[in-house]
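Below is the file model24.txt, which contains compact mmCIF, C-alpha atoms.
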# COMPACT_ATOMS: atom_id res chain seq x y z
CA MET A 1 126.78 61.95 16.07
CA SER A 2 128.95 60.24 13.48
CA ASP A 3 130.45 62.26 10.61
CA ALA A 4 130.33 59.28 8.22
CA SER A 5 127.86 59.37 5.31
CA ILE A 6 125.14 56.77 4.96
CA THR A 7 126.18 54.33 2.26
CA ARG A 8 124.81 51.33 0.35
CA PRO A 9 126.46 48.90 -2.05
CA VAL A 10 126.53 49.82 -5.74
CA GLU A 11 123.95 47.83 -7.71
CA ASP A 12 123.11 48.21 -11.37
CA SER A 13 119.33 48.05 -11.65
CA VAL A 14 119.48 48.18 -15.46
CA PRO A 15 119.96 44.67 -16.87
CA LYS A 16 122.98 44.16 -19.08
CA VAL A 17 122.74 42.40 -22.44
CA ASP A 18 125.52 39.86 -23.04
CA GLY A 19 127.27 41.35 -20.05
CA ALA A 20 127.85 44.49 -22.10
CA VAL A 21 126.37 47.96 -21.84
CA ALA A 22 123.33 48.61 -19.66
CA VAL A 23 121.27 50.98 -21.80
CA GLY A 24 118.00 50.88 -19.87
CA GLU A 25 115.93 51.20 -23.02
CA ASP A 26 112.16 50.70 -22.81
CA LEU A 27 110.87 50.43 -26.36
CA ASP A 28 107.35 49.47 -25.32
CA PHE A 29 107.06 52.64 -23.29
CA GLN A 30 108.54 54.66 -26.15
CA ARG A 31 106.03 53.25 -28.65
CA ARG A 32 103.20 54.17 -26.29
CA TRP A 33 104.73 57.64 -25.96
CA TRP A 34 104.87 58.07 -29.76
CA ARG A 35 101.18 57.18 -29.91
CA PHE A 36 100.51 59.80 -27.18
CA GLU A 37 102.57 62.35 -29.13
CA ARG A 38 100.49 61.75 -32.25
CA ILE A 39 97.28 62.31 -30.26
CA ILE A 40 98.68 65.47 -28.66
CA TRP A 41 99.76 66.90 -32.04
CA SER A 42 96.29 66.16 -33.43
CA ILE A 43 94.73 68.03 -30.51
CA PHE A 44 97.15 70.95 -31.00
CA ALA A 45 96.30 71.05 -34.71
CA LEU A 46 92.59 71.08 -33.87
CA ILE A 47 93.07 73.91 -31.36
CA LEU A 48 95.06 75.89 -33.93
CA LEU A 49 92.40 75.31 -36.56
CA CYS A 50 89.71 76.54 -34.15
CA ASP A 51 91.83 79.62 -33.44
CA VAL A 52 92.29 80.34 -37.15
CA LEU A 53 88.53 79.94 -37.62
CA GLU A 54 88.16 82.48 -34.79
CA VAL A 55 86.26 80.13 -32.49
CA PHE A 56 88.23 81.60 -29.57
CA GLY A 57 87.28 85.16 -30.41
CA ARG A 58 88.85 88.24 -31.95
CA GLY A 59 87.46 87.64 -35.40
CA TYR A 60 84.48 87.65 -37.75
CA PHE A 61 82.71 84.66 -36.19
CA ALA A 62 82.90 86.18 -32.72
CA LYS A 63 80.99 89.28 -33.76
CA ALA A 64 77.30 89.39 -32.91
CA GLU A 65 74.45 91.85 -33.39
CA ARG A 66 71.16 92.20 -31.57
CA SER A 67 68.26 94.61 -32.02
CA THR A 68 65.15 95.33 -30.05
CA VAL A 69 61.85 94.69 -31.80
CA ASP A 70 60.80 98.32 -31.32
CA ARG A 71 64.06 99.44 -33.03
CA THR A 72 65.09 101.69 -30.15
CA MET A 73 68.48 100.08 -30.03
CA HIS A 74 70.91 98.05 -32.15
CA LEU A 75 73.77 96.35 -30.31
CA LYS A 76 77.05 95.16 -31.82
CA TYR A 77 79.31 93.12 -29.55
CA GLU A 78 81.66 90.15 -29.49
CA ARG A 79 80.02 86.97 -28.23
CA VAL A 80 83.45 85.43 -27.60
CA GLU A 81 86.10 87.50 -25.86
CA ARG A 82 89.47 86.93 -24.22
CA GLU A 83 90.45 87.96 -20.71
CA HIS A 84 92.10 91.42 -20.65
CA ALA A 85 91.87 91.73 -24.45
CA PRO A 86 90.33 95.04 -25.61
CA SER A 87 87.10 95.15 -27.61
CA ILE A 88 84.31 97.58 -28.38
CA MET A 89 80.61 97.18 -27.69
CA SER A 90 78.72 99.53 -29.97
CA ILE A 91 75.14 100.67 -29.33
CA SER A 92 73.17 102.57 -32.01
CA PHE A 93 69.89 104.23 -31.18
CA GLY A 94 66.72 104.68 -33.21
CA PRO A 95 64.53 107.81 -33.19
CA SER A 96 62.28 106.47 -30.42
CA ALA A 97 65.29 106.24 -28.06
CA ILE A 98 65.59 110.02 -27.92
CA ARG A 99 63.19 111.47 -25.41
CA ASN A 100 63.26 115.07 -24.21
CA GLY A 101 66.59 115.63 -25.95
CA GLU A 102 68.37 112.81 -24.20
CA ILE A 103 69.05 109.09 -24.34
CA ARG A 104 68.94 107.10 -21.14
CA LEU A 105 71.01 103.95 -21.64
CA PHE A 106 70.82 101.20 -19.05
CA ILE A 107 73.56 98.58 -18.85
CA SER A 108 73.77 95.80 -16.28
CA GLU A 109 76.56 95.68 -13.71
CA SER A 110 78.16 92.72 -15.48
CA VAL A 111 79.22 94.99 -18.34
CA VAL A 112 81.25 97.03 -15.87
CA LYS A 113 82.49 94.22 -13.63
CA GLU A 114 82.93 90.96 -15.59
CA LEU A 115 83.21 92.49 -19.05
CA GLY A 116 85.38 95.32 -17.70
CA ALA A 117 83.91 98.48 -19.22
CA GLU A 118 86.85 100.89 -19.20
CA ARG A 119 85.56 103.85 -21.16
CA ILE A 120 82.31 105.15 -22.64
CA ILE A 121 82.48 107.22 -25.80
CA PRO A 122 81.06 109.88 -25.70
CA GLU A 123 81.21 110.72 -22.03
CA PRO A 124 77.70 110.68 -20.54
CA ALA A 125 76.36 113.90 -19.09
CA SER A 126 75.42 112.05 -15.93
CA SER A 127 74.79 108.58 -14.59
CA LYS A 128 72.76 106.92 -11.89
CA ILE A 129 72.88 103.50 -10.29
CA GLY A 130 70.10 101.09 -9.44
CA ASN A 131 68.15 98.03 -10.66
CA GLY A 132 71.39 96.01 -10.86
CA GLY A 133 73.11 98.33 -13.26
CA ILE A 134 73.98 101.83 -14.34
CA THR A 135 71.90 104.28 -16.35
CA TYR A 136 73.92 106.72 -18.45
CA ILE A 137 72.28 109.90 -19.69
CA PHE A 138 73.48 111.36 -22.98
CA PRO A 139 72.22 114.62 -24.49
CA ALA A 140 71.01 113.77 -28.03
CA THR A 141 69.47 115.55 -31.03
CA ALA A 142 68.56 113.09 -33.83
CA PRO A 143 69.70 109.72 -35.16
CA PRO A 144 72.13 108.32 -36.12
CA ALA A 145 73.41 108.24 -32.56
CA THR A 146 75.95 105.74 -31.31
CA VAL A 147 77.61 105.01 -27.98
CA ASP A 148 80.77 102.88 -27.83
CA ILE A 149 81.87 101.05 -24.69
CA ALA A 150 85.52 99.96 -24.52
CA LEU A 151 85.71 96.57 -22.81
CA SER A 152 88.53 94.56 -21.32
CA PRO A 153 87.03 91.46 -19.65
CA SER A 154 88.34 90.91 -16.18
CA ARG A 155 87.25 87.30 -15.62
CA PRO A 156 86.95 84.20 -17.78
CA GLY A 157 83.56 82.49 -17.93
CA ILE A 158 80.14 82.93 -19.47
CA HIS A 159 78.67 86.29 -18.53
CA ASP A 160 75.12 87.52 -19.07
CA PHE A 161 74.45 91.16 -19.65
CA THR A 162 71.51 93.44 -20.30
CA ALA A 163 71.46 96.69 -22.23
CA GLY A 164 68.70 98.95 -23.42
CA VAL A 165 67.02 102.30 -23.37
CA GLU A 166 65.31 103.04 -20.08
CA GLY A 167 61.59 102.37 -20.31
CA ALA A 168 61.93 100.40 -23.57
CA GLU A 169 62.68 96.81 -24.50
CA MET A 170 66.00 95.46 -23.19
CA VAL A 171 68.51 93.24 -24.99
CA LYS A 172 69.81 90.26 -23.04
CA ALA A 173 72.89 88.42 -24.29
CA LYS A 174 75.78 86.22 -23.20
CA VAL A 175 79.50 86.69 -23.68
CA THR A 176 81.98 83.84 -23.32
CA VAL A 177 85.33 85.01 -22.04
CA PHE A 178 88.34 82.73 -22.62
CA PRO A 179 91.28 82.94 -20.22
CA MET B 1 93.33 87.13 -7.84
CA ALA B 2 96.24 85.52 -5.99
CA VAL B 3 95.00 81.95 -6.53
CA ALA B 4 94.62 82.59 -10.27
CA ALA B 5 98.23 83.82 -10.43
CA VAL B 6 99.48 80.63 -8.73
CA LEU B 7 97.32 78.45 -11.01
CA ARG B 8 98.58 80.35 -14.06
CA ALA B 9 102.18 79.71 -12.97
CA ILE B 10 101.50 75.97 -12.47
CA PHE B 11 99.71 75.75 -15.82
CA GLY B 12 102.54 77.59 -17.59
CA TYR B 13 105.18 75.31 -16.08
CA CYS B 14 103.31 72.07 -16.85
CA PHE B 15 102.34 73.24 -20.33
CA LEU B 16 105.95 74.15 -21.19
CA ILE B 17 107.15 70.76 -19.92
CA LEU B 18 104.57 69.04 -22.15
CA ILE B 19 105.54 71.17 -25.14
CA THR B 20 109.29 70.60 -24.76
CA ARG B 21 108.61 66.90 -24.24
CA VAL B 22 106.48 66.45 -27.37
CA VAL B 23 108.68 68.70 -29.49
CA GLY B 24 111.29 66.00 -28.99
CA ARG B 25 114.95 65.53 -28.19
CA ARG B 26 117.32 67.10 -30.62
CA PRO B 27 120.63 65.28 -30.66
CA GLY B 28 123.63 67.25 -29.47
CA ALA B 29 125.10 68.34 -26.18
CA GLN B 30 124.71 72.04 -26.96
CA LEU B 31 121.73 74.08 -28.02
CA THR B 32 121.48 74.79 -31.72
CA PRO B 33 120.13 78.18 -32.93
CA PHE B 34 116.84 76.33 -33.53
CA GLU B 35 116.51 75.48 -29.85
CA PHE B 36 117.56 78.97 -28.79
CA VAL B 37 114.70 80.44 -30.81
CA LEU B 38 112.26 77.86 -29.43
CA ILE B 39 113.26 78.34 -25.79
CA PHE B 40 113.35 82.15 -25.78
CA TYR B 41 110.20 82.51 -27.86
CA LEU B 42 108.21 80.03 -25.77
CA GLY B 43 109.54 81.62 -22.58
CA GLY B 44 108.56 85.11 -23.69
CA LEU B 45 105.10 84.11 -24.84
CA THR B 46 104.43 82.15 -21.67
CA LEU B 47 105.57 85.06 -19.52
CA THR B 48 102.97 87.40 -21.04
CA GLY B 49 100.10 85.06 -20.23
CA MET B 50 101.35 84.03 -16.81
CA VAL B 51 102.05 87.50 -15.43
CA ALA B 52 98.90 89.03 -17.02
CA ASP B 53 98.30 92.55 -15.73
CA ASP B 54 99.89 92.00 -12.32
CA ILE B 55 103.47 93.17 -12.70
CA SER B 56 104.09 93.52 -8.96
CA LEU B 57 107.15 92.12 -7.21
CA THR B 58 104.81 90.12 -4.96
CA ASN B 59 103.29 88.36 -7.96
CA ALA B 60 106.73 87.65 -9.45
CA PHE B 61 107.95 86.28 -6.11
CA CYS B 62 104.88 84.06 -5.61
CA GLN B 63 105.01 82.71 -9.17
CA ILE B 64 108.75 81.98 -8.94
CA VAL B 65 108.21 80.15 -5.64
CA THR B 66 105.29 78.24 -7.21
CA ILE B 67 107.42 77.11 -10.14
CA ALA B 68 110.31 76.20 -7.83
CA LEU B 69 107.92 74.10 -5.74
CA CYS B 70 106.48 72.41 -8.85
CA HIS B 71 110.01 71.61 -9.98
CA TYR B 72 110.91 70.22 -6.57
CA VAL B 73 107.82 68.00 -6.51
CA LEU B 74 108.44 66.75 -10.05
CA THR B 75 112.08 65.90 -9.38
CA TRP B 76 111.07 64.12 -6.17
CA ALA B 77 108.33 62.16 -7.99
CA ARG B 78 110.80 61.30 -10.75
CA THR B 79 113.15 59.57 -8.32
CA LYS B 80 110.30 57.93 -6.41
CA PHE B 81 108.29 56.61 -9.35
CA PRO B 82 110.35 55.25 -12.30
CA THR B 83 107.37 55.34 -14.70
CA PHE B 84 106.85 59.01 -13.94
CA GLY B 85 110.56 59.54 -14.62
CA LYS B 86 110.10 57.94 -18.03
CA ILE B 87 107.11 60.16 -18.81
CA LEU B 88 109.09 63.24 -17.80
CA ASP B 89 112.48 62.44 -19.32
CA GLY B 90 111.84 59.58 -21.70
CA THR B 91 114.07 56.56 -21.92
CA PRO B 92 117.49 56.00 -23.54
CA LEU B 93 117.02 54.65 -27.05
CA THR B 94 119.36 52.55 -29.17
CA LEU B 95 119.84 54.09 -32.60
CA LEU B 96 122.46 51.74 -34.00
CA GLU B 97 123.43 48.30 -32.81
CA ARG B 98 126.04 45.99 -34.28
CA GLY B 99 125.91 47.49 -37.75
CA GLN B 100 122.11 47.73 -37.86
CA TRP B 101 120.13 50.96 -37.76
CA ARG B 102 116.99 50.99 -35.63
CA THR B 103 114.94 52.72 -38.31
CA ASP B 104 111.73 52.98 -36.28
CA VAL B 105 113.60 54.72 -33.46
CA LEU B 106 115.41 57.06 -35.87
CA ARG B 107 112.12 57.98 -37.51
CA GLY B 108 110.23 58.28 -34.23
CA MET B 109 112.86 60.50 -32.64
CA ARG B 110 113.42 62.46 -35.86
CA VAL B 111 117.15 61.69 -35.75
CA GLN B 112 119.26 61.38 -38.90
CA ASP B 113 122.17 59.03 -39.43
CA ASP B 114 124.30 62.16 -39.91
CA ASP B 115 123.58 63.03 -36.27
CA VAL B 116 125.02 59.67 -35.19
CA MET B 117 128.04 60.14 -37.42
CA SER B 118 128.55 63.62 -35.97
CA ALA B 119 128.55 62.15 -32.45
CA GLY B 120 130.89 59.41 -33.68
CA ARG B 121 133.38 61.95 -34.99
CA LEU B 122 133.47 63.61 -31.56
CA CYS B 123 134.54 60.21 -30.18
CA GLY B 124 137.24 59.85 -32.79
CA THR B 125 135.54 57.33 -35.10
CA ARG B 126 136.12 57.69 -38.83
CA SER B 127 133.28 55.52 -40.14
CA LEU B 128 129.99 54.01 -39.00
CA GLU B 129 131.58 50.54 -39.12
CA GLU B 130 133.67 51.51 -36.10
CA ILE B 131 130.51 52.12 -34.03
CA ASP B 132 129.20 49.12 -32.10
CA LEU B 133 126.37 50.90 -30.30
CA ALA B 134 124.86 54.39 -30.53
CA VAL B 135 122.41 55.43 -27.83
CA LEU B 136 120.23 58.54 -27.77
CA GLU B 137 120.36 59.56 -24.13
CA ARG B 138 117.54 61.21 -22.20
CA ASN B 139 119.27 64.60 -22.38
CA GLY B 140 119.55 64.38 -26.17
CA GLU B 141 123.22 63.42 -26.32
CA ILE B 142 124.26 60.45 -28.44
CA SER B 143 126.60 58.02 -26.65
CA ILE B 144 128.93 56.12 -28.93
CA PHE B 145 130.48 52.76 -28.09
CA LYS B 146 133.24 51.69 -30.45
CA VAL B 147 133.69 48.19 -31.83
CA LYS B 148 136.16 46.27 -29.66
CA LYS B 149 139.27 45.34 -31.58
Do you think you could lay out the structure here as structure tokens?
Amino acid sequence: MSDASITRPVEDSVPKVDGAVAVGEDLDFQRRWWRFERIIWSIFALILLCDVLEVFGRGYFAKAERSTVDRTMHLKYERVEREHAPSIMSISFGPSAIRNGEIRLFISESVVKELGAERIIPEPASSKIGNGGITYIFPATAPPATVDIALSPSRPGIHDFTAGVEGAEMVKAKVTVFP
Amino acid sequence: MAVAAVLRAIFGYCFLILITRVVGRRPGAQLTPFEFVLIFYLGGLTLTGMVADDISLTNAFCQIVTIALCHYVLTWARTKFPTFGKILDGTPLTLLERGQWRTDVLRGMRVQDDDVMSAGRLCGTRSLEEIDLAVLERNGEISIFKVKK
């Protein structure tokens, strides 16, 4: 094998003006690029405006509330969340939710998996699984009674969930999780 | 998820390239304090989102390799396709030619005549009349060509 490098003659692909300096300027391209930049900055401004208006969550407009018709349960949650960002889902119970000195709260699996339930406050006395979710049993005396669930969504997307007192009307809702 | 980590790394790399490209070229061979703030702040913020909750060495290794591969592909595409090179790096732009400012270019690139004069001083010129041609290069430097005597 030869040790010599592969070579080719030197050619200047950039045309010279008056035999002077070859700048290689492309003003047409640059003008198109400036137009693109203006569009991009408009999009960025729009995204920022949406963020300030809390369209992407973590603000007033992301908060949602749902109640059952029979008033056994009132749910406060965030309809728009962000992946791995902490939030609280708060469930308040009416008098009819307390049966035999306890509240049996059913939440669907998606609250634990997709919405990433990390902690339940207060700790339930016991829990059981089945029907596509978990039923938590809390000893209770009289209203007001509230259970908070600390969430940290694990996956972006639109996730359905169900929550309610066992044997009563259930609340079904959706949460949009941004990456 | 491993795929998500790779996709996050690719997104972070491409997004930062877009941002640095649309933020524009600042004239000068060296970084100004402005650019230092921009680069470190953007880097730090991007890192948080890209790494997410996976702080393992495996994740760091895979994301570094992903970015290295992206960079390799982009540099290859830049040499292969001239238009892509222009999109990525821009094109040299004449700021001053034979005693005439290119005002649309100065405005578009957010360059001041003082920046040209500053580059001229580095080349030993004392006034703008001594400059025949000033070109904003793709790396942000301003090349000065003196009037032939």
* Asked: So how far away is atom CA of Cys50 of chain A from atom CA of Leu42 of chain B, in Å?
  -> 20.6 Å
Counting only C-alpha atoms, which residues of chain A fall within 10 Å of chain B, and what is the closest atom pair for each with its distance in Å at one decimal, ordered by chain and rising number, as CSV?
residue,atom,partner,partner_atom,distance
A:Val21,CA,B:Phe145,CA,8.9
A:Val23,CA,B:Pro92,CA,6.5
A:Gly24,CA,B:Pro92,CA,6.3
A:Glu25,CA,B:Pro92,CA,5.1
A:Asp26,CA,B:Thr91,CA,6.2
A:Leu27,CA,B:Leu93,CA,7.5
A:Phe29,CA,B:Lys86,CA,8.1
A:Gln30,CA,B:Thr91,CA,7.2
A:Arg31,CA,B:Gly108,CA,8.6
A:Trp33,CA,B:Ile87,CA,7.9
A:Trp34,CA,B:Gly108,CA,7.0
A:Phe36,CA,B:Val22,CA,8.9
A:Glu37,CA,B:Val22,CA,5.9
A:Arg38,CA,B:Val22,CA,9.0
A:Ile40,CA,B:Val22,CA,8.0
A:Trp41,CA,B:Val22,CA,8.2
A:Glu83,CA,B:Ala52,CA,9.3
A:His84,CA,B:Asp53,CA,8.0
A:Arg155,CA,B:Met1,CA,9.9
A:Pro179,CA,B:Gly49,CA,9.1
* Just give me the gap between atom CA of Leu95 of chain B and atom CA of Arg32 of chain A in Å, one decimal is fine. =>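 Value for the atom CA of Leu95 of chain B-atom CA of Arg32 of chain A distance: 17.8 Å.
You will find atom CA of Gly116 of chain A at 22.3 Å from atom CA of Ser67 of chain A.
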* Can you list, as a ChimeraX atom specification, every protein, DNA or RNA residue that comes within 7 Å of segment 116-127 of chain B when you count all atoms listed in the file, leaving out same-chain residues fewer than 3 positions away? -> /B:113,130,142,144
Given 8 Å of margin on each side, can you work out the centre and size in Å (one decimal) of an axis-aligned box holding every listed atom of segment 92-106 of chain B, as AutoDock Vina command-line options?
--center_x 118.9 --center_y 51.5 --center_z -30.9 --size_x 30.3 --size_y 27.1 --size_z 30.8
* To do: For Glu123 of chain A, work out the shell of residues within 12 Å, counting all atoms listed in the file and skipping chain neighbours fewer than 4 positions away, then give it as JSON, numbers by chain.
  => {"A": [118, 119, 127, 136, 137, 138, 139, 146, 147, 148, 149, 150]}
* Return the single residue from A:Ala145, A:Val112, A:Ile129, A:Val80 that is closest to Val177 of chain A, with distances computed using only C-alpha atoms. =>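 Checking each of A:Ala145, A:Val112, A:Ile129, A:Val80 against Val177 of chain A, counting only C-alpha atoms, the winner is A:Val80.
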* **Contacts of Gly59 of chain A within 12 Å, all atoms listed in the file, excl. fewer than 4 positions in-chain, as a list in words** => Cys50, Asp51, Val52, Leu53, Glu54, Val55, Lys63, Ala64, Tyr77, Glu78, Arg79, Val80, Glu81, Arg82 and Ser87 of chain A
* Residue among B:Tyr13, B:Val51, B:Thr58, B:Thr20 lying closest to Glu35 of chain B, counting only C-alpha atoms -> B:Thr20
* Identify the residues within 10 Å of coordinate (104.3, 72.5, -13.0) (same frame as the file), considering all atoms listed in the file, and give the answer as a VMD selection string. => chain B and resid 7 to 18 66 to 74
Can you tell me which residues surround Ala117 of chain A at a distance of at most 10 Å, considering only C-alpha atoms, apart from same-chain residues fewer than 2 positions away, and format the answer as an mmCIF file with C-alpha atoms, in the coordinates of the input?
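Written out: out.cif:
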data_model
loop_
_atom_site.group_PDB
_atom_site.id
_atom_site.type_symbol
_atom_site.label_atom_id
_atom_site.label_comp_id
_atom_site.auth_asym_id
_atom_site.auth_seq_id
_atom_site.Cartn_x
_atom_site.Cartn_y
_atom_site.Cartn_z
ATOM 1 C CA PRO A 86 90.330 95.040 -25.610
ATOM 2 C CA SER A 87 87.100 95.150 -27.610
ATOM 3 C CA ILE A 88 84.310 97.580 -28.380
ATOM 4 C CA MET A 89 80.610 97.180 -27.690
ATOM 5 C CA GLU A 109 76.560 95.680 -13.710
ATOM 6 C CA SER A 110 78.160 92.720 -15.480
ATOM 7 C CA VAL A 111 79.220 94.990 -18.340
ATOM 8 C CA VAL A 112 81.250 97.030 -15.870
ATOM 9 C CA LYS A 113 82.490 94.220 -13.630
ATOM 10 C CA GLU A 114 82.930 90.960 -15.590
ATOM 11 C CA LEU A 115 83.210 92.490 -19.050
ATOM 12 C CA ARG A 119 85.560 103.850 -21.160
ATOM 13 C CA ILE A 120 82.310 105.150 -22.640
ATOM 14 C CA ILE A 149 81.870 101.050 -24.690
ATOM 15 C CA ALA A 150 85.520 99.960 -24.520
ATOM 16 C CA LEU A 151 85.710 96.570 -22.810
ATOM 17 C CA SER A 152 88.530 94.560 -21.320
ATOM 18 C CA PRO A 153 87.030 91.460 -19.650
ATOM 19 C CA SER A 154 88.340 90.910 -16.180
#
Take segment 50-62 of chain A, model N, CA and C atoms, and hand the result over as an mmCIF file, in the frame of the given file.
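What follows is the written file result37.cif:
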data_model
loop_
_atom_site.group_PDB
_atom_site.id
_atom_site.type_symbol
_atom_site.label_atom_id
_atom_site.label_comp_id
_atom_site.auth_asym_id
_atom_site.auth_seq_id
_atom_site.Cartn_x
_atom_site.Cartn_y
_atom_site.Cartn_z
ATOM 1 N N CYS A 50 90.798 75.788 -34.798
ATOM 2 C CA CYS A 50 89.710 76.540 -34.150
ATOM 3 C C CYS A 50 90.092 78.001 -33.988
ATOM 4 N N ASP A 51 91.365 78.239 -33.634
ATOM 5 C CA ASP A 51 91.830 79.620 -33.440
ATOM 6 C C ASP A 51 91.817 80.369 -34.760
ATOM 7 N N VAL A 52 92.278 79.699 -35.832
ATOM 8 C CA VAL A 52 92.290 80.340 -37.150
ATOM 9 C C VAL A 52 90.862 80.634 -37.606
ATOM 10 N N LEU A 53 89.943 79.732 -37.269
ATOM 11 C CA LEU A 53 88.530 79.940 -37.620
ATOM 12 C C LEU A 53 87.847 80.906 -36.643
ATOM 13 N N GLU A 54 88.611 81.443 -35.742
ATOM 14 C CA GLU A 54 88.160 82.480 -34.790
ATOM 15 C C GLU A 54 87.101 81.987 -33.806
ATOM 16 N N VAL A 55 87.168 80.689 -33.494
ATOM 17 C CA VAL A 55 86.260 80.130 -32.490
ATOM 18 C C VAL A 55 86.554 80.729 -31.111
ATOM 19 N N PHE A 56 87.837 81.051 -30.882
ATOM 20 C CA PHE A 56 88.230 81.600 -29.570
ATOM 21 C C PHE A 56 88.186 83.128 -29.546
ATOM 22 N N GLY A 57 87.467 83.716 -30.459
ATOM 23 C CA GLY A 57 87.280 85.160 -30.410
ATOM 24 C C GLY A 57 88.229 85.948 -31.267
ATOM 25 N N ARG A 58 88.037 87.277 -31.224
ATOM 26 C CA ARG A 58 88.850 88.240 -31.950
ATOM 27 C C ARG A 58 88.774 88.056 -33.467
ATOM 28 N N GLY A 59 87.596 87.783 -33.966
ATOM 29 C CA GLY A 59 87.460 87.640 -35.400
ATOM 30 C C GLY A 59 86.014 87.742 -35.844
ATOM 31 N N TYR A 60 85.796 87.478 -37.126
ATOM 32 C CA TYR A 60 84.480 87.650 -37.750
ATOM 33 C C TYR A 60 83.397 86.815 -37.054
ATOM 34 N N PHE A 61 83.728 85.544 -36.755
ATOM 35 C CA PHE A 61 82.710 84.660 -36.190
ATOM 36 C C PHE A 61 82.357 84.999 -34.740
ATOM 37 N N ALA A 62 83.189 85.799 -34.106
ATOM 38 C CA ALA A 62 82.900 86.180 -32.720
ATOM 39 C C ALA A 62 81.946 87.363 -32.667
#
